[in-house]
Structures are given as C-alpha cells and as structure tokens.
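These notes are about the structure you will find just below.
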Amino acid sequence: MSLFTPLVWVLMILPLLGIAFINSEKGQLKYLIFFILYFLFDCYIQQLASEFISLKFIGLRFSWAGKILSLATSMAIIYSVSKSDRQDIGFTVRTNSKNQIKSGLSIFFGFLLFDFIFKMILFPKGGSFDLETFAFQATMPGLTEELVFRGINLWLLDKVFPPKWTFKGVKFGWGFIIVTVLFGLIHGVLLTNNYEFKFDLVTIVYLSLISSLSLGILRKLSGSVIYSALGHNTINIMNAIIRIL
C-alpha cells in the first residue's frame, strides 16, 4: 500500500465533511484538525510498523506490531484527557440504560444474522484452522479500530459537529455518519505502491451499511466502546469460522 493511501482516504471524505459543515451547527473547528492529524498518524504508524517491524522470527504473520502501537497511541490520548472526555470517548464501564443497551444489542445481532447468512452463501469454504488467525481476529481489530473510529474519532467529530438527532434517547450526528463511511472507505480503497488505484464499491457499501453501522449503533446505544469492540471481534471470528466450514 502506498504511503499516499491515507491521504486519499482523507480527500474522499472531504465532501462528506463539507456537507456536515453546511448542515450542522458549528462546534469547535480546531477538533477537525485534530481528527485529521490523529487519523493520519494512526494510519501511518500501523503502515510503517507493518513494513519495518517484522515478528516473523517468532512465527507471527499478522500486523501485531502496528495494532499494538495503534492501541498505545489511543491509550495515551485517552489518559491525557479528562474523565468526562474519556466517558464521551466511550472508554468507560458506565453504560446507558438497560433498555438502550438491549436495543443496541438487538439491532447489532439482527445485522449480524444477516451478515452470517450473506457470508455463508458467498464466502469460500474449506480453509484450515489457524491459531494465529483466530487469536488476532479475536483481539486486535476490535480493541484498536473501535478505540480509533467509534471512540476517539467519533468524539472529536462530535465536538466539531454537535449531534442533533435523537434515536432511543441517544444523540446522533454527522460525526457518526462520517465515521461509519470512513470505516468502509479504508477497507475498500487502496493506492498500491505502483500507484494503481483500487476501488471496491461493494466492500465500501457493505461494510459501511452492515458492519460499521451496526457497530456504531451498538457503541452509541450502549455508551461504551467495550460493547462495540466485543461486537467487532465477534464479526471477525465469525468470518474466520465461516471460511473453514
């Protein structure tokens, strides 16, 4: 992946940021700069770690180093802000009401059931069990990506575009939409080292409307990234299991 890829992702999300700017009350615009800088820093620290820090000498193939550095960065930011900000990020064991959590879980598992059926039909089967695959998918993506996207990035964008819509007693805003779409973009858009532009519309739309949306709703209705992190890893484990059936 080219080092320009994260910049491409930022450029592609600019129109949505512009729409949000026009259609929402103006919050603290300095946090928009923080959002972009943090997003790019996280992308580059993971990419560079994958390229220059190899753990193959201990038999690990996945990007453990990049994910660990991403997690360390997120934790450093989380513990540099106030306790109330940490709660807004979702880094808390305090949750919303039981009814709101039940609603979030019901919506998430509804999406998960659809996701399971869809992937059972389309995913290739017959793969072999691999311990590292399961260990990685059961831990790192949920821990890191939820803190980054539906934790810190969502918190920063909500400061820029104050939430104005209410669903199940919880405020949603343009930050939620932007993060939901951005998550799909980073999985479906790629600029190779040979500067070949790859754009997978199906992946972008599917991940945005199914995985990212359901995890975002679970995060907001529960009030904690713990729930969305567990949900994220559940999706990834499900994917791994389907491939070896």
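Letters for chains follow the order of the structure tokens (A, B, ...), residue numbers begin at 1 for each chain, and ligand numbers begin at 1 in the order shown.
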Item to complete: For Thr5 in chain A, work out the shell of residues within 9 Å, counting only C-alpha atoms and skipping chain neighbours fewer than 4 positions away, then give it as a list in words.
Response: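 Listed by chain and then number, they are Met1, Trp9, Val10, Ile186, Val189, Leu190, Leu191 and Thr192 of chain A.
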Discussion item. What's around range 107-120 of chain A at 8 Å? Count only C-alpha atoms, leave out sequence neighbours fewer than 4 positions away in its own chain, and write the answer as a ChimeraX atom specification.
Written reply: /A:103,210-211,214-215,217-218,231,235,238-239,242
Write the residues of the preceding selection, restricted to N, CA, C and O atoms, as an mmCIF file, in the first residue's frame.
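Output below, filename result.cif:
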data_model
loop_
_atom_site.group_PDB
_atom_site.id
_atom_site.type_symbol
_atom_site.label_atom_id
_atom_site.label_comp_id
_atom_site.auth_asym_id
_atom_site.auth_seq_id
_atom_site.Cartn_x
_atom_site.Cartn_y
_atom_site.Cartn_z
ATOM 1 N N SER A 103 -31.671 -2.491 23.133
ATOM 2 C CA SER A 103 -31.969 -2.046 21.766
ATOM 3 C C SER A 103 -30.729 -2.138 20.891
ATOM 4 O O SER A 103 -30.784 -2.612 19.748
ATOM 5 N N ILE A 210 -23.510 -2.353 6.893
ATOM 6 C CA ILE A 210 -23.750 -3.528 7.732
ATOM 7 C C ILE A 210 -22.838 -3.508 8.963
ATOM 8 O O ILE A 210 -23.293 -3.240 10.079
ATOM 9 N N SER A 211 -21.573 -3.749 8.777
ATOM 10 C CA SER A 211 -20.661 -3.854 9.924
ATOM 11 C C SER A 211 -20.496 -2.530 10.654
ATOM 12 O O SER A 211 -20.714 -2.434 11.871
ATOM 13 N N SER A 214 -23.851 -1.115 12.239
ATOM 14 C CA SER A 214 -24.331 -1.875 13.397
ATOM 15 C C SER A 214 -23.426 -1.677 14.605
ATOM 16 O O SER A 214 -23.906 -1.543 15.743
ATOM 17 N N LEU A 215 -22.116 -1.614 14.387
ATOM 18 C CA LEU A 215 -21.192 -1.385 15.490
ATOM 19 C C LEU A 215 -21.334 0.033 16.041
ATOM 20 O O LEU A 215 -21.237 0.246 17.253
ATOM 21 N N ILE A 217 -24.100 1.859 16.014
ATOM 22 C CA ILE A 217 -25.347 1.907 16.788
ATOM 23 C C ILE A 217 -25.148 1.243 18.147
ATOM 24 O O ILE A 217 -25.595 1.755 19.182
ATOM 25 N N LEU A 218 -24.449 0.106 18.159
ATOM 26 C CA LEU A 218 -24.177 -0.586 19.416
ATOM 27 C C LEU A 218 -23.337 0.290 20.338
ATOM 28 O O LEU A 218 -23.601 0.365 21.550
ATOM 29 N N GLY A 231 -18.316 -6.668 19.812
ATOM 30 C CA GLY A 231 -19.083 -6.927 18.597
ATOM 31 C C GLY A 231 -18.190 -7.031 17.380
ATOM 32 O O GLY A 231 -18.387 -7.906 16.518
ATOM 33 N N ILE A 235 -17.682 -10.353 14.888
ATOM 34 C CA ILE A 235 -17.801 -10.387 13.426
ATOM 35 C C ILE A 235 -16.570 -11.037 12.802
ATOM 36 O O ILE A 235 -16.674 -11.893 11.908
ATOM 37 N N MET A 238 -16.467 -14.762 13.464
ATOM 38 C CA MET A 238 -17.467 -15.388 12.609
ATOM 39 C C MET A 238 -16.933 -15.555 11.190
ATOM 40 O O MET A 238 -17.092 -16.616 10.563
ATOM 41 N N ASN A 239 -16.288 -14.522 10.672
ATOM 42 C CA ASN A 239 -15.715 -14.599 9.326
ATOM 43 C C ASN A 239 -14.697 -15.731 9.227
ATOM 44 O O ASN A 239 -14.673 -16.485 8.238
ATOM 45 N N ILE A 242 -16.484 -19.165 9.283
ATOM 46 C CA ILE A 242 -17.173 -19.467 8.023
ATOM 47 C C ILE A 242 -16.194 -19.977 6.971
ATOM 48 O O ILE A 242 -16.492 -20.905 6.221
#
Discussion item. Which residues are close to Gln46 in chain A, i.e. within 9 Å by only C-alpha atoms, leaving aside same-chain residues fewer than 5 positions away? Reply as a count of residues only.
Written reply: 9
Worksheet item: Closest to Ala135 in chain A among A:Leu221, A:Ile53, A:Leu7, A:Ile237, using only C-alpha atoms?
Response: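 Answer, going by the shortest atom-to-atom distance: A:Ile237.
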Worksheet entry | range 3-225 of chain A: residues DSSP assigns to strand (DSSP E), reported as a ChimeraX atom specification | /A:165-167,170-172,189-191,197-199
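With CA of Gln100 in chain A on one side and CA of Lys220 in chain A on the other, the separation reads 9.1 Å.
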Response to the item:
The residue from A:Leu143, A:Leu185, A:Ile58, A:Ala72 with the smallest atom-to-atom distance to Val202 in chain A, counting only C-alpha atoms, is A:Leu185
Discussion item. Let me make sure I understand: among A:Ser212, A:Pro141, A:Lys168, A:Tyr79, which one has the smallest atom-to-atom distance to Lys98 in chain A if we use only C-alpha atoms?
Written reply: A:Lys168
Item to complete: Tell me which protein, DNA and RNA residues are within 7 Å of Ser208 in chain A, counting only C-alpha atoms, leaving out same-chain ones fewer than 3 positions away, and put them as a PyMOL selection string.
Response: chain A and resi 180-181+183-184+204-205+211-213
Please provide the set of residues having any atom within 12 Å of Lys164 in chain A, restricted to only C-alpha atoms, with same-chain residues fewer than 4 positions apart removed, written as a PDB file with C-alpha atoms, in the first residue's frame.
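Written out: result_33.pdb:
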ATOM      1  CA  ALA A  20     -21.720  18.183   7.564  1.00  0.00           C
ATOM      2  CA  ASN A  23     -25.912  21.240   7.592  1.00  0.00           C
ATOM      3  CA  SER A  24     -24.938  21.363  11.247  1.00  0.00           C
ATOM      4  CA  GLU A  25     -24.265  23.858  13.966  1.00  0.00           C
ATOM      5  CA  LYS A  26     -20.639  24.851  14.116  1.00  0.00           C
ATOM      6  CA  GLY A  27     -18.797  23.404  17.060  1.00  0.00           C
ATOM      7  CA  ASP A 158     -18.944  15.296  17.692  1.00  0.00           C
ATOM      8  CA  LYS A 159     -17.070  18.317  19.036  1.00  0.00           C
ATOM      9  CA  GLY A 169     -32.873   8.667  23.720  1.00  0.00           C
ATOM     10  CA  VAL A 170     -29.291   8.940  22.398  1.00  0.00           C
ATOM     11  CA  LYS A 171     -27.897  11.808  20.329  1.00  0.00           C
ATOM     12  CA  PHE A 172     -26.509  11.061  16.870  1.00  0.00           C
ATOM     13  CA  GLY A 173     -24.870  13.499  14.471  1.00  0.00           C
ATOM     14  CA  TRP A 174     -22.769  13.947  11.381  1.00  0.00           C
ATOM     15  CA  GLY A 175     -19.744  12.581  13.192  1.00  0.00           C
ATOM     16  CA  PHE A 176     -21.489   9.219  13.387  1.00  0.00           C
TER      17      PHE A 176
END
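Across the model, the gap from CA of Thr234 in chain A to CA of Phe134 in chain A is 10.8 Å.
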Practice prompt. Run DSSP on the backbone of this structure and report the residues of range 29-163 of chain A it assigns to helix (DSSP H, G or I), as number ranges by chain.
Written response: A: 30-52, 56-58, 64-78, 83-89, 98-122, 131-137, 140-160
Worksheet item: CA of Phe149 in chain A to CA of Ile22 in chain A: how many Å, to one decimal?
Response: 22.6 Å
